[in-house]
Amino acid sequence: MACRFFETKEHAALYQKYTIREPEEVISLTLSYLEKKKGKPFELAVDVGCGTGQSTRLLASHFQKVVGIDISEAQIQEAKNAGVLPNMSYIVAPAEKIPFEDGSVDLITASVAAHWFEVEEFIRETDRVLKPSECLALSSLYPHFDLHYKDCSKCLTDTFMEAFNFLLREPGSERVEIMRSEYKPIFDAVHFADKMRVTKILLKYSLSITELLGYVETLFTFQTFSRRDPKAANAFLEKLQER
């Protein structure tokens with residue numbers, strides 16, 4: 001069974017507010033690849049593991065219809081609360097059972113989500129629902145962050161990464177290793193003859209301390225820590241903010 005770490009309403013609300021958004025550059029790269037494969041028009045895109053719909057909304061202006069699916073009812077409700085365009089919809093469903101007919105989908109995407117799936121089952125499903133010569137696009141973040149501020153950059157980066165690595169002691173953290181490998185095991189598992197792997201896309205964000213700490217709270221490792229020991233988790237955040 002796929003991992004389920006993003007189930008609560010509180011976590012979904014944090015995720016909507018603080019998670020790092022997929023950059024337009026990744027969407028543009030995906031659409032360029034799809035256009036070379038089939039040409040326009042783009043009819044149906046399905047965003048799997050859509051969470052609160054950040055990537056789903058980015059796709060909406062490029063397709064006749066976009067559907068976000070996620071196994072978490074709380075995440076889907078938060079996505080709906082954020083606003084649904086006329087050509088968008090959301091469905092609660094697992095990645096391993098995509099609720100569409102055979103050969104009906106132009107594009108399947110999964111943004112920072114595929115490492116939670118049962119990969120072989122998911123790929124079989126994408127093979128079933130995709131039209132011939134259509135596109136599967138999987139993206140992720142490399143779990144390392146460089147923080148920059150005046151002459152404090154190294155200290156800030158070391159502090160943040162120390163905290164990040166501390167949280168990796170929590171159950172489920174082995175999935176982060178798939179991200180560290182830049183999704184190579186998942187790429188190798190995709191059997192499509194025509195496939196491409198792109199790495200080293202640099203993302204730059206301007207964040208306040210509050211926003212950075214909010215991002216830490218969205219991490220499944222912090223949420224697991226907080227459920228296990230709320231007092232220690234709060235002390236961890238306070239110490240991180242102080243440092």
# chains A, B, ... in the order shown; residues from 1 in each chain; ligands from 1
call {"tool": "select_by_dssp", "arguments": {"residues": "stretch 29-223 of chain A", "states": "alpha helix (DSSP H)", "output": "count of residues only"}}
result
78
call {"tool": "closest_atom_pairs", "arguments": {"of": "stretch 30-58 of chain A", "to": "stretch 118-141 of chain A", "cutoff": "8 Å", "atoms": "only C-alpha atoms", "output": "CSV"}}
result
residue,atom,partner,partner_atom,distance
A:Thr30,CA,A:Ala137,CA,6.6
A:Tyr33,CA,A:Cys135,CA,8.0
A:Leu34,CA,A:Cys135,CA,6.0
A:Lys37,CA,A:Ser133,CA,6.4
A:Lys38,CA,A:Glu134,CA,6.9
call {"tool": "residues_around", "arguments": {"residues": "stretch 84-101 of chain A", "least_positions_apart": "4", "cutoff": "8 Å", "atoms": "only C-alpha atoms", "output": "list in words"}}
result
Val48, Gly49, Arg57, Ala60, Gln64, Lys65, Val66, Val67, Gly68, Ile69, Asp70, Ile71, Ser72, Glu73, Ile76, Ala79, Lys80, Val105, Phe117, Glu118, Glu121, Phe122, Glu125, Thr126 and Val129 of chain A
call {"tool": "closest_atom_pairs", "arguments": {"of": "stretch 101-152 of chain A", "to": "stretch 208-225 of chain A", "cutoff": "12 Å", "atoms": "only C-alpha atoms", "output": "CSV"}}
result
residue,atom,partner,partner_atom,distance
A:Val112,CA,A:Leu219,CA,11.9
A:Trp116,CA,A:Phe220,CA,11.3
A:Pro143,CA,A:Leu219,CA,11.2
A:Phe145,CA,A:Leu212,CA,10.9
A:Leu147,CA,A:Leu212,CA,10.1
A:His148,CA,A:Ser208,CA,11.6
A:Tyr149,CA,A:Ser208,CA,10.9
call {"tool": "write_last_selection", "arguments": {"atoms": "N, CA, C and O atoms", "output": "CSV table (one decimal), in the first residue's frame"}}
result
chain,number,residue,atom,x,y,z
A,112,VAL,N,6.4,16.0,-6.7
A,112,VAL,CA,6.8,15.6,-5.3
A,112,VAL,C,5.9,14.7,-4.6
A,112,VAL,O,5.5,14.8,-3.5
A,116,TRP,N,5.9,8.3,-2.8
A,116,TRP,CA,5.0,7.8,-1.9
A,116,TRP,C,4.1,6.6,-2.5
A,116,TRP,O,3.4,5.9,-1.8
A,143,PRO,N,16.4,16.9,-1.6
A,143,PRO,CA,16.3,17.4,-0.2
A,143,PRO,C,17.5,18.0,0.3
A,143,PRO,O,18.1,17.6,1.3
A,145,PHE,N,18.9,22.3,0.9
A,145,PHE,CA,18.5,23.7,0.8
A,145,PHE,C,19.7,24.5,1.2
A,145,PHE,O,20.3,24.4,2.3
A,147,LEU,N,20.6,28.3,2.3
A,147,LEU,CA,20.0,29.5,2.7
A,147,LEU,C,21.0,30.6,2.6
A,147,LEU,O,22.1,30.5,2.9
A,148,HIS,N,20.5,31.8,2.1
A,148,HIS,CA,21.4,32.9,1.8
A,148,HIS,C,20.9,34.2,2.5
A,148,HIS,O,19.7,34.6,2.3
A,149,TYR,N,21.7,34.8,3.4
A,149,TYR,CA,21.4,36.0,4.0
A,149,TYR,C,22.7,36.7,4.4
A,149,TYR,O,23.3,36.2,5.4
call {"tool": "closest_residue", "arguments": {"among": "A:Lys154, A:Arg227, A:His144, A:Lys17", "to": "A:Ser181", "atoms": "only C-alpha atoms"}}
result
A:His144
call {"tool": "closest_residue", "arguments": {"among": "A:Asp188, A:Glu25, A:Asp106, A:Glu162", "to": "A:Glu43", "atoms": "only C-alpha atoms"}}
result
A:Asp106
call {"tool": "residues_around", "arguments": {"residues": "A:Glu22", "least_positions_apart": "2", "cutoff": "8 Å", "atoms": "only C-alpha atoms", "output": "PyMOL selection string"}}
result
chain A and resi 20+24+26-27+54-55+111
call {"tool": "residues_around", "arguments": {"residues": "A:Tyr15", "least_positions_apart": "3", "cutoff": "8 Å", "atoms": "only C-alpha atoms", "output": "list of chain:residue names"}}
result
A:His11, A:Ala12, A:Tyr18, A:Thr19, A:Thr52, A:Tyr215, A:Thr218
call {"tool": "write_last_selection", "arguments": {"atoms": "N, CA and C atoms", "output": "compact mmCIF listing (two decimals), in the first residue's frame"}}
result
# COMPACT_ATOMS: atom_id res chain seq x y z
N HIS A 11 -2.75 19.51 8.80
CA HIS A 11 -1.59 19.34 7.93
C HIS A 11 -1.89 19.85 6.53
N ALA A 12 -3.09 19.56 6.02
CA ALA A 12 -3.47 20.03 4.69
C ALA A 12 -3.46 21.55 4.62
N TYR A 18 2.25 26.75 3.04
CA TYR A 18 3.70 26.86 3.13
C TYR A 18 4.51 25.94 2.21
N THR A 19 3.89 24.96 1.56
CA THR A 19 4.71 24.06 0.77
C THR A 19 5.36 24.79 -0.40
N THR A 52 -2.84 19.78 -2.30
CA THR A 52 -3.79 20.89 -2.25
C THR A 52 -3.91 21.63 -3.57
N TYR A 215 7.25 25.84 6.38
CA TYR A 215 7.61 24.74 5.49
C TYR A 215 8.07 23.53 6.29
N THR A 218 5.27 21.49 7.40
CA THR A 218 4.58 20.69 6.38
C THR A 218 5.24 19.33 6.18
call {"tool": "select_by_dssp", "arguments": {"residues": "stretch 49-155 of chain A", "states": "strand (DSSP E or B)", "output": "number ranges by chain"}}
result
A: 65-70, 88-92, 105-111, 130-139
